Amino acid sequence: MIQSMNTTPLNNSLLLQRSLSAVWHPCSQMKHYETFPLLPIARGKGVWLYDHDGKRYLDAVSSWWVNLFGHSNSHINNALVEQLQVLEHVMLAGFTHEPVVRLSERLRELAPAGLGHCSYGSDGASAIEIALKMSAHYWRNTGKPLKTRFISLQNSYHGETLGALSVTDVALFRDAYGALITQQAKVVSPDSRLAAAGESAQAYAHRCADDLELHLQQHHEELAAFIVEPLVQGAAGMSMYHPDYLRRARELCTRYGVHLIADEIAVGMGRTGTLFACEQADVTPDFLCLSKGITGGYLPLSVVMTTDDVYRAFYANETARGFLHSHSYTGNPLACSAALATLDIFAQDDVINANRSKAAHLNYRAQSLRENPSVKNWRNTGMIWAFEVDSPHEDFAQRCFSLALQNELLLRPIGKTIYFMPPYVISDAEMEHLVSRTLHIVETLS
Ligand SMILES: *Cc1c(COP(=O)(O)O)cnc(C)c1O
C-alpha cells in the first residue's frame, strides 16, 4: 500500500507559510500576502468554508462564481464516486464515453434551440479560444478568409489566455501583455450605470446597439464575431444591462453576417434567473460558451455549443477543414459526471423557480442595506446582487475582504463594488448572516 507522505496535523499559520514558499497564487501580487495573509481552507459544506483553526466563512462569491449547490454536495459527490469506479478518463479523439454523450444530449435539450453540437475544453478561457478559432475557421471554410477580427464590449472579460485577452477589456489584466496580443476593437457597453441622467436602461441599451450597428456597418467584411457576456458583465463589477441589447445584437449580427458568441461562462447555469441568460432576450447565439458552474463548481470543464450551419462548414474529407483544437482532458468523464449530477439537481429541485423566491427573500432581507446612504446603484439579476459603496478608502477592496473574514464572510469586492453571488443552497438564516454582516462592514468602511 502506498503511504501518504505527510501526516502532521496542519494549522492555519503552518500551511500559510508553506503555501507562500511553494505556490504562486493566481491574480495576486505575492508580496501583498505579507500584509493580507492567505486563508488556508480545510473543508467545505454547503455555503460554508472552514479553515484549519475551525473558523467558518460564508462563501458569498461561490468560490469565484463556480459553486452552485454548496461545497461537498452529496448528490455530486456520489455521482463522482460512482464514475470513479468505472472510468476516470479516456482521450476523446477517436474515443467516446457515456458521460460525454449524455451531457451533450442534455445540454442540447436545455440550450436555446439550434445549438446541437458540443465541443469541450478544460476551462473558461479555453472555451473562448475554441469559439474564436471556430468562428474564424468557419469563415475561412466558407470562402471569406478576410473575416478574422473580433469585437467585444468595453469592460468585457473573457479570460486571460492570449486569444481571450484580446477580447478582454480589463486594463489591469491586459496592459502588461499588450505587446503579445492582437488588439481587437471594443464597442460601447450597455452597462445601465452609464445611462445619461433620466435615460432608462432600455433606452440606453438601444443607444448602445446603435453604436454597435455603426461599427458593424463599417467593419463587417473583416469581422468574424461579436463576443458578449449576456445580461451581466461580471469582472466589470457586475454591470447589468437591458436584454434588448442582446436582441438587437442578434438581429444586427445576422444582418451583417457576423457571428454572435455568448460567453455564458459566469452567467449560465441559472445565475441570471433562467438556465441560460440568452433566454431572457429569446436569442440563439452562434456559439454558447459554458464553464464555471457547469460542474457545480467541482471540476474544470467547459463546452462550446454551436449550430448545424457551423458544424456543416467543417464536415469534409480534408483534415485541414476540420476543427483543429484539442486539450488533453477534453470531455473528462469525471467532470462530465459532475455536470450531469448538477443538471439532475436543477431538474429534481426545480431550482430556477426556487431561486426566484430565494432572490425575492434576499431583496426583502436586504432592505436596510439597500437603504444605507453609502450604498449606491443597488442591482439584482437572478442570483447576482451588486452595489457600489461610497467609501473614502482607496484600498476599499482589501479592507472589505479582511473585515468580511472577521465577520465569517467571504466577500471579494471589485474596486468599490460589493457583490453577492452565493451558492443556490443558501438558506434564509444564511441570507440574514450575509446581509447583516455586510451592512456592518459597509457602516464601518464608509
Ligand atoms: C471566468 C470567466 C472566463 C474565464 O474562465 P476561466 O475558467 O477562468 O478561464 C471567461 N469569461 C467569463 C465571462 C468569465 O466569468
# chains A, B, ... in the order shown; residues from 1 in each chain; ligands from 1
>>> residues_near_ligand(ligand="ligand 1", cutoff="6 Å", atoms="only C-alpha atoms and all ligand atoms", output="list in words")
Asp123, Gly124, Ala125, Tyr157, His158, Gly159, Glu229, Gly234, Asp263, Ile265 and Ala266 of chain A
>>> write_last_selection(atoms="N, CA and C atoms", output="PDB file, in the first residue's frame")
ATOM      1  N   ASP A 123     -11.392  24.754 -19.373  1.00  0.00           N
ATOM      2  CA  ASP A 123     -11.738  25.876 -18.507  1.00  0.00           C
ATOM      3  C   ASP A 123     -12.358  26.970 -19.362  1.00  0.00           C
ATOM      4  N   GLY A 124     -12.747  28.060 -18.723  1.00  0.00           N
ATOM      5  CA  GLY A 124     -13.447  29.103 -19.456  1.00  0.00           C
ATOM      6  C   GLY A 124     -12.635  29.679 -20.600  1.00  0.00           C
ATOM      7  N   ALA A 125     -11.391  30.026 -20.308  1.00  0.00           N
ATOM      8  CA  ALA A 125     -10.569  30.652 -21.346  1.00  0.00           C
ATOM      9  C   ALA A 125     -10.420  29.730 -22.554  1.00  0.00           C
ATOM     10  N   TYR A 157     -14.892  40.900 -20.011  1.00  0.00           N
ATOM     11  CA  TYR A 157     -13.924  39.931 -19.501  1.00  0.00           C
ATOM     12  C   TYR A 157     -14.228  38.580 -20.122  1.00  0.00           C
ATOM     13  N   HIS A 158     -13.245  38.018 -20.816  1.00  0.00           N
ATOM     14  CA  HIS A 158     -13.467  36.711 -21.440  1.00  0.00           C
ATOM     15  C   HIS A 158     -12.344  35.727 -21.144  1.00  0.00           C
ATOM     16  N   GLY A 159     -11.530  36.026 -20.144  1.00  0.00           N
ATOM     17  CA  GLY A 159     -10.465  35.101 -19.775  1.00  0.00           C
ATOM     18  C   GLY A 159      -9.099  35.674 -20.092  1.00  0.00           C
ATOM     19  N   GLU A 229     -20.849  39.080 -22.955  1.00  0.00           N
ATOM     20  CA  GLU A 229     -21.340  38.440 -21.731  1.00  0.00           C
ATOM     21  C   GLU A 229     -22.817  38.821 -21.606  1.00  0.00           C
ATOM     22  N   GLY A 234     -19.460  40.450 -15.651  1.00  0.00           N
ATOM     23  CA  GLY A 234     -19.018  40.081 -14.308  1.00  0.00           C
ATOM     24  C   GLY A 234     -17.820  40.856 -13.803  1.00  0.00           C
ATOM     25  N   ASP A 263     -20.824  34.495 -24.228  1.00  0.00           N
ATOM     26  CA  ASP A 263     -19.955  33.978 -23.174  1.00  0.00           C
ATOM     27  C   ASP A 263     -20.789  33.868 -21.902  1.00  0.00           C
ATOM     28  N   ILE A 265     -20.100  31.839 -19.474  1.00  0.00           N
ATOM     29  CA  ILE A 265     -19.244  31.129 -18.515  1.00  0.00           C
ATOM     30  C   ILE A 265     -19.623  31.492 -17.082  1.00  0.00           C
ATOM     31  N   ALA A 266     -19.906  32.777 -16.838  1.00  0.00           N
ATOM     32  CA  ALA A 266     -20.312  33.197 -15.496  1.00  0.00           C
ATOM     33  C   ALA A 266     -21.825  33.230 -15.345  1.00  0.00           C
TER      34      ALA A 266
END
>>> closest_atom_pairs(of="segment 310-411 of chain A", to="segment 274-289 of chain A", cutoff="10 Å", atoms="only C-alpha atoms", output="JSON lines")
{"residue": "A:Val310", "atom": "CA", "partner": "A:Asp286", "partner_atom": "CA", "distance": 7.9}
{"residue": "A:Phe346", "atom": "CA", "partner": "A:Leu275", "partner_atom": "CA", "distance": 8.9}
{"residue": "A:Val351", "atom": "CA", "partner": "A:Leu275", "partner_atom": "CA", "distance": 9.3}
{"residue": "A:Ile352", "atom": "CA", "partner": "A:Thr274", "partner_atom": "CA", "distance": 6.3}
{"residue": "A:Asn353", "atom": "CA", "partner": "A:Thr274", "partner_atom": "CA", "distance": 8.9}
{"residue": "A:Asn355", "atom": "CA", "partner": "A:Thr274", "partner_atom": "CA", "distance": 9.6}
{"residue": "A:Arg356", "atom": "CA", "partner": "A:Thr274", "partner_atom": "CA", "distance": 9.6}
{"residue": "A:Thr381", "atom": "CA", "partner": "A:Ala277", "partner_atom": "CA", "distance": 9.9}
{"residue": "A:Gly382", "atom": "CA", "partner": "A:Thr274", "partner_atom": "CA", "distance": 7.6}
{"residue": "A:Met383", "atom": "CA", "partner": "A:Thr274", "partner_atom": "CA", "distance": 9.9}
>>> residues_around(residues="Ile294 of chain A", least_positions_apart="5", cutoff="8 Å", atoms="only C-alpha atoms", output="ChimeraX atom specification")
/A:66,269,301-302,339,342
>>> write_last_selection(atoms="all heavy atoms", output="PDB file, in the first residue's frame")
ATOM      1  N   VAL A  66     -18.144  29.685  -9.197  1.00  0.00           N
ATOM      2  CA  VAL A  66     -18.283  28.339  -9.765  1.00  0.00           C
ATOM      3  C   VAL A  66     -19.286  27.458  -9.027  1.00  0.00           C
ATOM      4  O   VAL A  66     -19.920  26.598  -9.629  1.00  0.00           O
ATOM      5  CB  VAL A  66     -16.920  27.596  -9.846  1.00  0.00           C
ATOM      6  CG1 VAL A  66     -15.949  28.354 -10.737  1.00  0.00           C
ATOM      7  CG2 VAL A  66     -16.319  27.355  -8.471  1.00  0.00           C
ATOM      8  N   MET A 269     -26.036  28.548 -16.399  1.00  0.00           N
ATOM      9  CA  MET A 269     -26.382  27.633 -15.303  1.00  0.00           C
ATOM     10  C   MET A 269     -27.192  28.319 -14.201  1.00  0.00           C
ATOM     11  O   MET A 269     -26.929  28.176 -13.012  1.00  0.00           O
ATOM     12  CB  MET A 269     -25.105  27.005 -14.704  1.00  0.00           C
ATOM     13  CG  MET A 269     -24.195  26.359 -15.738  1.00  0.00           C
ATOM     14  SD  MET A 269     -25.032  25.159 -16.829  1.00  0.00           S
ATOM     15  CE  MET A 269     -25.365  23.826 -15.704  1.00  0.00           C
ATOM     16  N   LEU A 301     -14.161  22.180 -16.489  1.00  0.00           N
ATOM     17  CA  LEU A 301     -14.774  21.676 -17.720  1.00  0.00           C
ATOM     18  C   LEU A 301     -15.373  22.880 -18.437  1.00  0.00           C
ATOM     19  O   LEU A 301     -15.916  23.767 -17.790  1.00  0.00           O
ATOM     20  CB  LEU A 301     -15.899  20.680 -17.408  1.00  0.00           C
ATOM     21  CG  LEU A 301     -16.622  20.086 -18.633  1.00  0.00           C
ATOM     22  CD1 LEU A 301     -15.750  19.024 -19.307  1.00  0.00           C
ATOM     23  CD2 LEU A 301     -17.962  19.451 -18.255  1.00  0.00           C
ATOM     24  N   SER A 302     -15.275  22.901 -19.745  1.00  0.00           N
ATOM     25  CA  SER A 302     -16.005  23.935 -20.478  1.00  0.00           C
ATOM     26  C   SER A 302     -16.549  23.332 -21.752  1.00  0.00           C
ATOM     27  O   SER A 302     -16.072  22.294 -22.219  1.00  0.00           O
ATOM     28  CB  SER A 302     -15.115  25.139 -20.799  1.00  0.00           C
ATOM     29  OG  SER A 302     -14.028  24.769 -21.614  1.00  0.00           O
ATOM     30  N   ALA A 339     -21.136  17.365 -14.065  1.00  0.00           N
ATOM     31  CA  ALA A 339     -22.071  18.235 -14.786  1.00  0.00           C
ATOM     32  C   ALA A 339     -23.453  17.583 -14.891  1.00  0.00           C
ATOM     33  O   ALA A 339     -24.481  18.247 -14.718  1.00  0.00           O
ATOM     34  CB  ALA A 339     -21.521  18.559 -16.174  1.00  0.00           C
ATOM     35  N   THR A 342     -25.134  17.863 -11.642  1.00  0.00           N
ATOM     36  CA  THR A 342     -25.576  19.253 -11.468  1.00  0.00           C
ATOM     37  C   THR A 342     -26.902  19.474 -12.198  1.00  0.00           C
ATOM     38  O   THR A 342     -27.841  20.064 -11.642  1.00  0.00           O
ATOM     39  CB  THR A 342     -24.487  20.205 -11.995  1.00  0.00           C
ATOM     40  OG1 THR A 342     -23.293  19.982 -11.229  1.00  0.00           O
ATOM     41  CG2 THR A 342     -24.891  21.656 -11.878  1.00  0.00           C
TER      42      THR A 342
END
>>> select_by_dssp(residues="segment 213-352 of chain A", states="alpha helix (DSSP H)", output="ChimeraX atom specification")
/A:213-219,244-256,308-314,333-348,351-352
>>> write_last_selection(atoms="N, CA and C atoms", output="compact mmCIF listing (two decimals), in the first residue's frame")
# COMPACT_ATOMS: atom_id res chain seq x y z
N GLU A 213 -24.23 48.94 -34.31
CA GLU A 213 -24.62 48.88 -35.73
C GLU A 213 -23.64 49.67 -36.60
N LEU A 214 -23.29 50.83 -36.12
CA LEU A 214 -22.35 51.67 -36.86
C LEU A 214 -21.04 50.93 -37.09
N HIS A 215 -20.56 50.28 -36.03
CA HIS A 215 -19.31 49.53 -36.14
C HIS A 215 -19.43 48.38 -37.13
N LEU A 216 -20.56 47.66 -37.04
CA LEU A 216 -20.76 46.52 -37.94
C LEU A 216 -20.85 46.97 -39.39
N GLN A 217 -21.57 48.09 -39.62
CA GLN A 217 -21.68 48.65 -40.97
C GLN A 217 -20.31 48.87 -41.58
N GLN A 218 -19.41 49.46 -40.78
CA GLN A 218 -18.10 49.84 -41.30
C GLN A 218 -17.13 48.68 -41.43
N HIS A 219 -17.26 47.69 -40.55
CA HIS A 219 -16.19 46.69 -40.45
C HIS A 219 -16.61 45.25 -40.71
N ASP A 244 -32.81 43.96 -24.20
CA ASP A 244 -33.00 44.47 -25.57
C ASP A 244 -31.66 44.58 -26.31
N TYR A 245 -30.59 44.83 -25.55
CA TYR A 245 -29.30 44.95 -26.22
C TYR A 245 -28.93 43.65 -26.93
N LEU A 246 -29.18 42.53 -26.26
CA LEU A 246 -28.87 41.23 -26.86
C LEU A 246 -29.74 40.95 -28.07
N ARG A 247 -31.01 41.31 -27.93
CA ARG A 247 -31.96 41.12 -29.04
C ARG A 247 -31.48 41.88 -30.27
N ARG A 248 -31.12 43.13 -30.06
CA ARG A 248 -30.63 43.95 -31.17
C ARG A 248 -29.30 43.40 -31.71
N ALA A 249 -28.43 42.97 -30.79
CA ALA A 249 -27.13 42.43 -31.22
C ALA A 249 -27.33 41.21 -32.12
N ARG A 250 -28.29 40.36 -31.74
CA ARG A 250 -28.57 39.17 -32.57
C ARG A 250 -29.03 39.59 -33.97
N GLU A 251 -29.99 40.52 -34.01
CA GLU A 251 -30.51 40.99 -35.32
C GLU A 251 -29.39 41.58 -36.17
N LEU A 252 -28.57 42.41 -35.53
CA LEU A 252 -27.52 43.11 -36.28
C LEU A 252 -26.46 42.13 -36.77
N CYS A 253 -26.07 41.20 -35.92
CA CYS A 253 -25.05 40.23 -36.34
C CYS A 253 -25.56 39.40 -37.51
N THR A 254 -26.84 39.02 -37.45
CA THR A 254 -27.41 38.25 -38.56
C THR A 254 -27.40 39.10 -39.84
N ARG A 255 -27.84 40.36 -39.70
CA ARG A 255 -27.93 41.23 -40.87
C ARG A 255 -26.56 41.46 -41.51
N TYR A 256 -25.52 41.60 -40.69
CA TYR A 256 -24.20 41.92 -41.25
C TYR A 256 -23.30 40.70 -41.42
N ASP A 308 -25.90 23.73 -36.48
CA ASP A 308 -25.68 22.84 -37.64
C ASP A 308 -24.92 23.57 -38.73
N ASP A 309 -25.27 24.85 -38.94
CA ASP A 309 -24.64 25.62 -40.00
C ASP A 309 -23.12 25.66 -39.80
N VAL A 310 -22.69 25.95 -38.57
CA VAL A 310 -21.25 25.99 -38.30
C VAL A 310 -20.66 24.59 -38.44
N TYR A 311 -21.33 23.61 -37.87
CA TYR A 311 -20.83 22.24 -37.91
C TYR A 311 -20.61 21.77 -39.35
N ARG A 312 -21.59 22.06 -40.20
CA ARG A 312 -21.53 21.58 -41.59
C ARG A 312 -20.37 22.20 -42.37
N ALA A 313 -19.99 23.42 -42.00
CA ALA A 313 -18.90 24.10 -42.73
C ALA A 313 -17.56 23.40 -42.52
N PHE A 314 -17.48 22.52 -41.53
CA PHE A 314 -16.23 21.83 -41.23
C PHE A 314 -16.25 20.38 -41.71
N PRO A 333 -14.43 12.32 -18.25
CA PRO A 333 -15.64 11.64 -17.75
C PRO A 333 -16.05 12.05 -16.33
N LEU A 334 -15.08 12.29 -15.46
CA LEU A 334 -15.43 12.71 -14.10
C LEU A 334 -16.10 14.07 -14.13
N ALA A 335 -15.52 15.00 -14.89
CA ALA A 335 -16.10 16.33 -14.98
C ALA A 335 -17.49 16.27 -15.61
N CYS A 336 -17.65 15.45 -16.65
CA CYS A 336 -18.97 15.31 -17.28
C CYS A 336 -19.98 14.72 -16.29
N SER A 337 -19.55 13.78 -15.45
CA SER A 337 -20.47 13.21 -14.45
C SER A 337 -20.90 14.25 -13.44
N ALA A 338 -19.94 15.09 -13.03
CA ALA A 338 -20.30 16.17 -12.10
C ALA A 338 -21.31 17.10 -12.76
N ALA A 339 -21.14 17.36 -14.07
CA ALA A 339 -22.07 18.23 -14.79
C ALA A 339 -23.45 17.58 -14.89
N LEU A 340 -23.47 16.29 -15.15
CA LEU A 340 -24.76 15.59 -15.23
C LEU A 340 -25.47 15.62 -13.88
N ALA A 341 -24.71 15.41 -12.81
CA ALA A 341 -25.30 15.45 -11.47
C ALA A 341 -25.85 16.85 -11.18
N THR A 342 -25.13 17.86 -11.64
CA THR A 342 -25.58 19.25 -11.47
C THR A 342 -26.90 19.47 -12.20
N LEU A 343 -27.00 18.97 -13.43
CA LEU A 343 -28.26 19.12 -14.18
C LEU A 343 -29.40 18.33 -13.51
N ASP A 344 -29.06 17.18 -12.91
CA ASP A 344 -30.08 16.42 -12.15
C ASP A 344 -30.68 17.29 -11.05
N ILE A 345 -29.82 17.98 -10.33
CA ILE A 345 -30.31 18.81 -9.22
C ILE A 345 -31.23 19.91 -9.75
N PHE A 346 -30.83 20.54 -10.85
CA PHE A 346 -31.70 21.58 -11.44
C PHE A 346 -33.10 21.02 -11.68
N ALA A 347 -33.16 19.80 -12.24
CA ALA A 347 -34.46 19.22 -12.59
C ALA A 347 -35.22 18.79 -11.34
N GLN A 348 -34.54 18.05 -10.47
CA GLN A 348 -35.24 17.46 -9.32
C GLN A 348 -35.72 18.51 -8.34
N VAL A 351 -34.92 24.14 -9.52
CA VAL A 351 -34.03 25.17 -8.98
C VAL A 351 -34.35 26.57 -9.52
N ILE A 352 -34.69 26.67 -10.81
CA ILE A 352 -34.92 28.00 -11.39
C ILE A 352 -36.08 28.70 -10.66
>>> atom_distance(atom1="atom CA of Leu153 of chain A", atom2="atom CA of Ser189 of chain A")
5.2 Å
>>> closest_residue(among="A:Pro373, A:Gly54, A:Gly70, A:Pro112", to="Thr307 of chain A", atoms="only C-alpha atoms")
A:Pro112
>>> decode(residues="segment 271-297 of chain A", atoms="N, CA and C atoms", output="PDB file, in the first residue's frame")
ATOM      1  N   ARG A 271     -27.613  31.419 -13.199  1.00  0.00           N
ATOM      2  CA  ARG A 271     -27.165  32.587 -12.418  1.00  0.00           C
ATOM      3  C   ARG A 271     -28.062  33.812 -12.583  1.00  0.00           C
ATOM      4  N   THR A 272     -28.556  34.022 -13.801  1.00  0.00           N
ATOM      5  CA  THR A 272     -29.320  35.256 -14.024  1.00  0.00           C
ATOM      6  C   THR A 272     -30.823  35.044 -13.876  1.00  0.00           C
ATOM      7  N   GLY A 273     -31.227  33.865 -13.401  1.00  0.00           N
ATOM      8  CA  GLY A 273     -32.651  33.642 -13.177  1.00  0.00           C
ATOM      9  C   GLY A 273     -33.307  32.739 -14.211  1.00  0.00           C
ATOM     10  N   THR A 274     -32.609  32.494 -15.312  1.00  0.00           N
ATOM     11  CA  THR A 274     -33.032  31.478 -16.291  1.00  0.00           C
ATOM     12  C   THR A 274     -31.816  30.574 -16.474  1.00  0.00           C
ATOM     13  N   LEU A 275     -32.035  29.361 -16.989  1.00  0.00           N
ATOM     14  CA  LEU A 275     -30.882  28.459 -17.066  1.00  0.00           C
ATOM     15  C   LEU A 275     -29.761  29.113 -17.865  1.00  0.00           C
ATOM     16  N   PHE A 276     -30.131  29.732 -19.002  1.00  0.00           N
ATOM     17  CA  PHE A 276     -29.152  30.490 -19.786  1.00  0.00           C
ATOM     18  C   PHE A 276     -29.634  31.934 -19.892  1.00  0.00           C
ATOM     19  N   ALA A 277     -28.712  32.876 -19.801  1.00  0.00           N
ATOM     20  CA  ALA A 277     -29.087  34.293 -19.830  1.00  0.00           C
ATOM     21  C   ALA A 277     -29.732  34.664 -21.163  1.00  0.00           C
ATOM     22  N   CYS A 278     -29.282  34.050 -22.262  1.00  0.00           N
ATOM     23  CA  CYS A 278     -29.811  34.369 -23.595  1.00  0.00           C
ATOM     24  C   CYS A 278     -31.322  34.160 -23.690  1.00  0.00           C
ATOM     25  N   GLU A 279     -31.857  33.266 -22.852  1.00  0.00           N
ATOM     26  CA  GLU A 279     -33.301  33.012 -22.879  1.00  0.00           C
ATOM     27  C   GLU A 279     -34.083  34.293 -22.616  1.00  0.00           C
ATOM     28  N   GLN A 280     -33.532  35.183 -21.797  1.00  0.00           N
ATOM     29  CA  GLN A 280     -34.278  36.381 -21.407  1.00  0.00           C
ATOM     30  C   GLN A 280     -34.402  37.372 -22.554  1.00  0.00           C
ATOM     31  N   ALA A 281     -33.586  37.182 -23.588  1.00  0.00           N
ATOM     32  CA  ALA A 281     -33.726  38.020 -24.777  1.00  0.00           C
ATOM     33  C   ALA A 281     -34.284  37.182 -25.920  1.00  0.00           C
ATOM     34  N   ASP A 282     -34.543  35.905 -25.631  1.00  0.00           N
ATOM     35  CA  ASP A 282     -35.076  34.998 -26.636  1.00  0.00           C
ATOM     36  C   ASP A 282     -34.180  34.931 -27.888  1.00  0.00           C
ATOM     37  N   VAL A 283     -32.880  34.827 -27.657  1.00  0.00           N
ATOM     38  CA  VAL A 283     -31.959  34.734 -28.803  1.00  0.00           C
ATOM     39  C   VAL A 283     -31.164  33.438 -28.758  1.00  0.00           C
ATOM     40  N   THR A 284     -30.791  32.958 -29.935  1.00  0.00           N
ATOM     41  CA  THR A 284     -29.850  31.846 -30.048  1.00  0.00           C
ATOM     42  C   THR A 284     -28.560  32.396 -30.617  1.00  0.00           C
ATOM     43  N   PRO A 285     -27.479  32.332 -29.853  1.00  0.00           N
ATOM     44  CA  PRO A 285     -26.194  32.787 -30.407  1.00  0.00           C
ATOM     45  C   PRO A 285     -25.652  31.745 -31.377  1.00  0.00           C
ATOM     46  N   ASP A 286     -24.609  32.081 -32.111  1.00  0.00           N
ATOM     47  CA  ASP A 286     -23.962  31.084 -32.970  1.00  0.00           C
ATOM     48  C   ASP A 286     -23.055  30.181 -32.140  1.00  0.00           C
ATOM     49  N   PHE A 287     -22.543  30.732 -31.052  1.00  0.00           N
ATOM     50  CA  PHE A 287     -21.709  29.953 -30.139  1.00  0.00           C
ATOM     51  C   PHE A 287     -22.134  30.302 -28.714  1.00  0.00           C
ATOM     52  N   LEU A 288     -22.317  29.274 -27.901  1.00  0.00           N
ATOM     53  CA  LEU A 288     -22.650  29.475 -26.487  1.00  0.00           C
ATOM     54  C   LEU A 288     -21.537  28.825 -25.660  1.00  0.00           C
ATOM     55  N   CYS A 289     -20.839  29.630 -24.857  1.00  0.00           N
ATOM     56  CA  CYS A 289     -19.720  29.120 -24.052  1.00  0.00           C
ATOM     57  C   CYS A 289     -20.153  28.943 -22.603  1.00  0.00           C
ATOM     58  N   LEU A 290     -19.898  27.760 -22.058  1.00  0.00           N
ATOM     59  CA  LEU A 290     -20.233  27.469 -20.666  1.00  0.00           C
ATOM     60  C   LEU A 290     -19.009  26.936 -19.942  1.00  0.00           C
ATOM     61  N   SER A 291     -18.891  27.263 -18.662  1.00  0.00           N
ATOM     62  CA  SER A 291     -17.852  26.653 -17.824  1.00  0.00           C
ATOM     63  C   SER A 291     -18.250  26.932 -16.375  1.00  0.00           C
ATOM     64  N   LYS A 292     -17.342  27.392 -15.538  1.00  0.00           N
ATOM     65  CA  LYS A 292     -17.635  27.730 -14.140  1.00  0.00           C
ATOM     66  C   LYS A 292     -18.668  26.790 -13.498  1.00  0.00           C
ATOM     67  N   GLY A 293     -19.949  27.200 -13.436  1.00  0.00           N
ATOM     68  CA  GLY A 293     -20.945  26.405 -12.713  1.00  0.00           C
ATOM     69  C   GLY A 293     -21.324  25.088 -13.356  1.00  0.00           C
ATOM     70  N   ILE A 294     -20.825  24.820 -14.546  1.00  0.00           N
ATOM     71  CA  ILE A 294     -21.339  23.641 -15.256  1.00  0.00           C
ATOM     72  C   ILE A 294     -21.103  22.341 -14.486  1.00  0.00           C
ATOM     73  N   THR A 295     -20.027  22.242 -13.724  1.00  0.00           N
ATOM     74  CA  THR A 295     -19.800  21.043 -12.915  1.00  0.00           C
ATOM     75  C   THR A 295     -20.217  21.282 -11.458  1.00  0.00           C
ATOM     76  N   GLY A 296     -21.031  22.298 -11.234  1.00  0.00           N
ATOM     77  CA  GLY A 296     -21.433  22.622  -9.868  1.00  0.00           C
ATOM     78  C   GLY A 296     -20.272  23.187  -9.059  1.00  0.00           C
ATOM     79  N   GLY A 297     -19.176  23.521  -9.737  1.00  0.00           N
ATOM     80  CA  GLY A 297     -18.014  24.069  -9.029  1.00  0.00           C
ATOM     81  C   GLY A 297     -17.045  22.989  -8.592  1.00  0.00           C
TER      82      GLY A 297
END
